[in-house]
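Engineer: Structure: query-v3.pdb, PDB, C-alpha atoms.
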ATOM      1  CA  GLN B  10       0.000   0.000   0.000
ATOM      2  CA  VAL B  11       1.093   3.538  -0.746
ATOM      3  CA  HIS B  12       0.175   6.687   1.136
ATOM      4  CA  LEU B  13       0.823  10.188  -0.090
ATOM      5  CA  MET B  14       0.302  13.311   1.976
ATOM      6  CA  GLU B  15       0.630  16.873   0.756
ATOM      7  CA  PHE B  16       1.489  19.913   2.877
ATOM      8  CA  GLY B  17       2.047  23.578   2.273
ATOM      9  CA  GLY B  18      -1.002  24.912   0.490
ATOM     10  CA  GLY B  19      -2.555  28.205   1.449
ATOM     11  CA  SER B  20      -3.637  31.636   0.284
ATOM     12  CA  VAL B  21      -1.189  34.099  -1.220
ATOM     13  CA  GLN B  22      -1.308  37.274  -3.235
ATOM     14  CA  PRO B  23      -0.196  37.331  -6.866
ATOM     15  CA  GLY B  24       3.579  37.374  -7.023
ATOM     16  CA  GLY B  25       3.912  35.412  -3.812
ATOM     17  CA  SER B  26       5.514  32.052  -3.160
ATOM     18  CA  LEU B  27       4.609  28.723  -1.619
ATOM     19  CA  ARG B  28       6.443  25.451  -1.180
ATOM     20  CA  LEU B  29       4.432  22.252  -1.356
ATOM     21  CA  SER B  30       5.698  19.054   0.210
ATOM     22  CA  CYS B  31       4.614  15.481  -0.447
ATOM     23  CA  LEU B  32       5.590  12.728   1.951
ATOM     24  CA  ALA B  33       5.377   9.228   0.525
ATOM     25  CA  ALA B  34       4.976   6.166   2.717
ATOM     26  CA  GLY B  35       4.522   2.501   2.081
ATOM     27  CA  ASN B  36       5.656   0.377  -0.810
ATOM     28  CA  ILE B  37       7.343   3.055  -2.892
ATOM     29  CA  PHE B  38       9.265   1.266  -5.622
ATOM     30  CA  ASN B  39      10.778   4.342  -7.189
ATOM     31  CA  LEU B  40      10.482   7.869  -5.857
ATOM     32  CA  ASN B  41      11.162   9.072  -9.396
ATOM     33  CA  MET B  42       7.587   8.033 -10.172
ATOM     34  CA  VAL B  43       6.115  10.660  -7.840
ATOM     35  CA  ASP B  44       4.970  13.854  -9.481
ATOM     36  CA  TRP B  45       2.637  16.832  -9.029
ATOM     37  CA  TYR B  46      -0.763  17.410 -10.607
ATOM     38  CA  ARG B  47      -3.288  20.170 -10.114
ATOM     39  CA  GLN B  48      -6.982  20.672 -10.731
ATOM     40  CA  ALA B  49      -8.403  24.138 -11.056
ATOM     41  CA  PRO B  50     -12.129  24.786 -10.547
ATOM     42  CA  GLY B  51     -14.084  23.545 -13.529
ATOM     43  CA  LYS B  52     -11.036  22.091 -15.246
ATOM     44  CA  GLU B  53      -9.480  18.689 -15.684
ATOM     45  CA  ARG B  54      -6.604  17.511 -13.560
ATOM     46  CA  GLU B  55      -3.269  18.188 -15.244
ATOM     47  CA  LEU B  56       0.332  17.157 -14.722
ATOM     48  CA  VAL B  57       2.323  20.113 -13.440
ATOM     49  CA  ALA B  58       5.822  18.814 -12.830
ATOM     50  CA  GLY B  59       7.804  15.641 -12.387
ATOM     51  CA  ASP B  60      10.673  13.602 -13.697
ATOM     52  CA  THR B  61       8.882  10.416 -14.688
ATOM     53  CA  MET B  62       9.435  10.713 -18.407
ATOM     54  CA  ASP B  63      13.136   9.831 -18.618
ATOM     55  CA  VAL B  64      14.000  13.364 -19.617
ATOM     56  CA  ASP B  65      14.942  16.452 -17.715
ATOM     57  CA  ILE B  66      12.345  17.466 -15.179
ATOM     58  CA  TYR B  67       9.078  18.148 -16.967
ATOM     59  CA  TYR B  68       7.044  21.307 -16.401
ATOM     60  CA  ILE B  69       3.925  22.423 -18.165
ATOM     61  CA  ASP B  70       4.525  25.597 -20.132
ATOM     62  CA  ALA B  71       2.337  27.640 -17.796
ATOM     63  CA  VAL B  72       4.726  27.173 -14.846
ATOM     64  CA  LYS B  73       8.139  27.045 -16.542
ATOM     65  CA  GLY B  74      10.581  29.430 -14.921
ATOM     66  CA  ARG B  75       8.342  29.868 -11.863
ATOM     67  CA  PHE B  76       7.970  26.395 -10.335
ATOM     68  CA  THR B  77      10.774  24.091  -9.245
ATOM     69  CA  PHE B  78      10.410  20.364  -8.668
ATOM     70  CA  SER B  79      12.793  18.689  -6.233
ATOM     71  CA  ARG B  80      13.151  15.425  -4.390
ATOM     72  CA  ASP B  81      14.699  14.170  -1.144
ATOM     73  CA  SER B  82      15.103  10.430  -1.467
ATOM     74  CA  ALA B  83      16.305  10.030   2.113
ATOM     75  CA  ARG B  84      12.963  11.399   3.345
ATOM     76  CA  ASN B  85      10.809   9.858   0.615
ATOM     77  CA  ALA B  86       9.624  13.350  -0.163
ATOM     78  CA  VAL B  87       9.082  15.508  -3.217
ATOM     79  CA  PHE B  88       8.600  19.248  -3.270
ATOM     80  CA  LEU B  89       7.170  21.908  -5.520
ATOM     81  CA  THR B  90       8.500  25.392  -4.964
ATOM     82  CA  MET B  91       6.161  27.906  -6.559
ATOM     83  CA  ASP B  92       7.317  31.470  -7.143
ATOM     84  CA  SER B  93       5.694  34.411  -8.901
ATOM     85  CA  LEU B  94       2.297  32.863  -8.354
ATOM     86  CA  LYS B  95      -0.556  33.972 -10.579
ATOM     87  CA  ASN B  96      -4.310  33.910 -10.125
ATOM     88  CA  GLU B  97      -4.503  31.090 -12.650
ATOM     89  CA  ASP B  98      -2.329  28.893 -10.429
ATOM     90  CA  THR B  99      -5.276  28.587  -8.057
ATOM     91  CA  ALA B 100      -6.038  24.870  -7.813
ATOM     92  CA  VAL B 101      -5.931  21.814  -5.647
ATOM     93  CA  TYR B 102      -2.455  20.332  -5.977
ATOM     94  CA  TYR B 103      -2.060  16.573  -5.793
ATOM     95  CA  CYS B 104       0.863  14.301  -5.263
ATOM     96  CA  HIS B 105       0.728  11.284  -7.568
ATOM     97  CA  TYR B 106       2.595   7.996  -7.741
ATOM     98  CA  ARG B 107       2.424   5.252 -10.342
ATOM     99  CA  ASP B 108       3.800   1.903  -9.254
ATOM    100  CA  LYS B 109       5.593  -0.632 -11.420
ATOM    101  CA  ASN B 110       2.273  -2.316 -12.245
ATOM    102  CA  GLY B 111       0.782   0.915 -13.523
ATOM    103  CA  VAL B 112      -1.472   1.481 -10.503
ATOM    104  CA  ASP B 113      -2.021   5.153  -9.668
ATOM    105  CA  TYR B 114      -2.034   6.517  -6.132
ATOM    106  CA  TRP B 115      -3.122  10.009  -5.151
ATOM    107  CA  GLY B 116      -2.852  12.175  -2.093
ATOM    108  CA  LYS B 117      -5.891  14.052  -0.838
ATOM    109  CA  GLY B 118      -4.578  17.297  -2.256
ATOM    110  CA  THR B 119      -3.713  20.690  -0.867
ATOM    111  CA  LEU B 120      -5.495  23.879  -1.911
ATOM    112  CA  VAL B 121      -3.529  26.794  -3.302
ATOM    113  CA  THR B 122      -5.430  30.060  -3.669
ATOM    114  CA  VAL B 123      -3.833  33.028  -5.383
ATOM    115  CA  SER B 124      -5.867  36.184  -4.993
ATOM    116  CA  SER B 125      -5.452  39.838  -4.213
TER     117      SER B 125
END
What would the structure in this file look like if it were written as structure tokens?

Structural biologist:
Amino acid sequence: QVHLMEFGGGSVQPGGSLRLSCLAAGNIFNLNMVDWYRQAPGKERELVAGDTMDVDIYYIDAVKGRFTFSRDSARNAVFLTMDSLKNEDTAVYYCHYRDKNGVDYWGKGTLVTVSS
């Protein structure tokens, strides 16, 4: 079994910063398979950042240059540092893990609200 727990969401003004943390517990085969998704109100869930695609860390275009994905293998944790936040970054952010059998696990999510 795999458990994912996100921390660090909150409310910030445009231009502000937040750092999200995801702690992974259980049968984690490969921490490289943990990434970040988000779901804005009325929109589909989308992959935001991760390094699960055998290339340099992936970021959606909307967050390139503003968000930074990082990982601490010793703590089984991944992070998403978000700078220069915009209103359109408002969403629930989810930690996601896909195991070696292709089974997806999700955290409960943490809400990020960017508003003046």

Engineer: For the provided coordinates, the residues matched by the PyMOL selection byres ((chain B and resi 79) around 9) should be stated as a VMD selection string.

Structural biologist: chain B and resid 59 77 to 78 80 to 81 86 to 90

Engineer: Mind working out the centre and edge lengths of an axis-aligned box for range 82-93 of chain B, all listed atoms inside, 6 Å added to each side, rounded to one decimal in Å and written as AutoDock Vina command-line options?

Structural biologist:
--center_x 11.0 --center_y 22.1 --center_z -2.8 --size_x 22.6 --size_y 36.6 --size_z 24.2

Engineer: One decimal, in Å: what's the spacing between CA of Leu29 in chain B and CA of Glu15 in chain B?

Structural biologist: 6.9 Å

Engineer: So which one's closest to Val57 in chain B, B:His12, B:Arg107, B:Lys73, B:Arg28? Using only C-alpha atoms, please.

Structural biologist: B:Lys73

Engineer: Would you mind listing what lies within 10 Å of range 16-21 of chain B as a list in words, with all atoms listed in the file counted and same-chain residues fewer than 4 positions away left out?

Structural biologist: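 Selected residues are Gly25, Ser26, Leu27, Arg28, Leu29, Ser30, Cys31, Leu32, Phe88, Leu89, Thr90, Leu94, Lys95, Asn96, Thr99, Ala100, Val101, Tyr102, Tyr103, Cys104, Gly118, Thr119, Leu120, Val121, Thr122, Val123, Ser124 and Ser125 of chain B.
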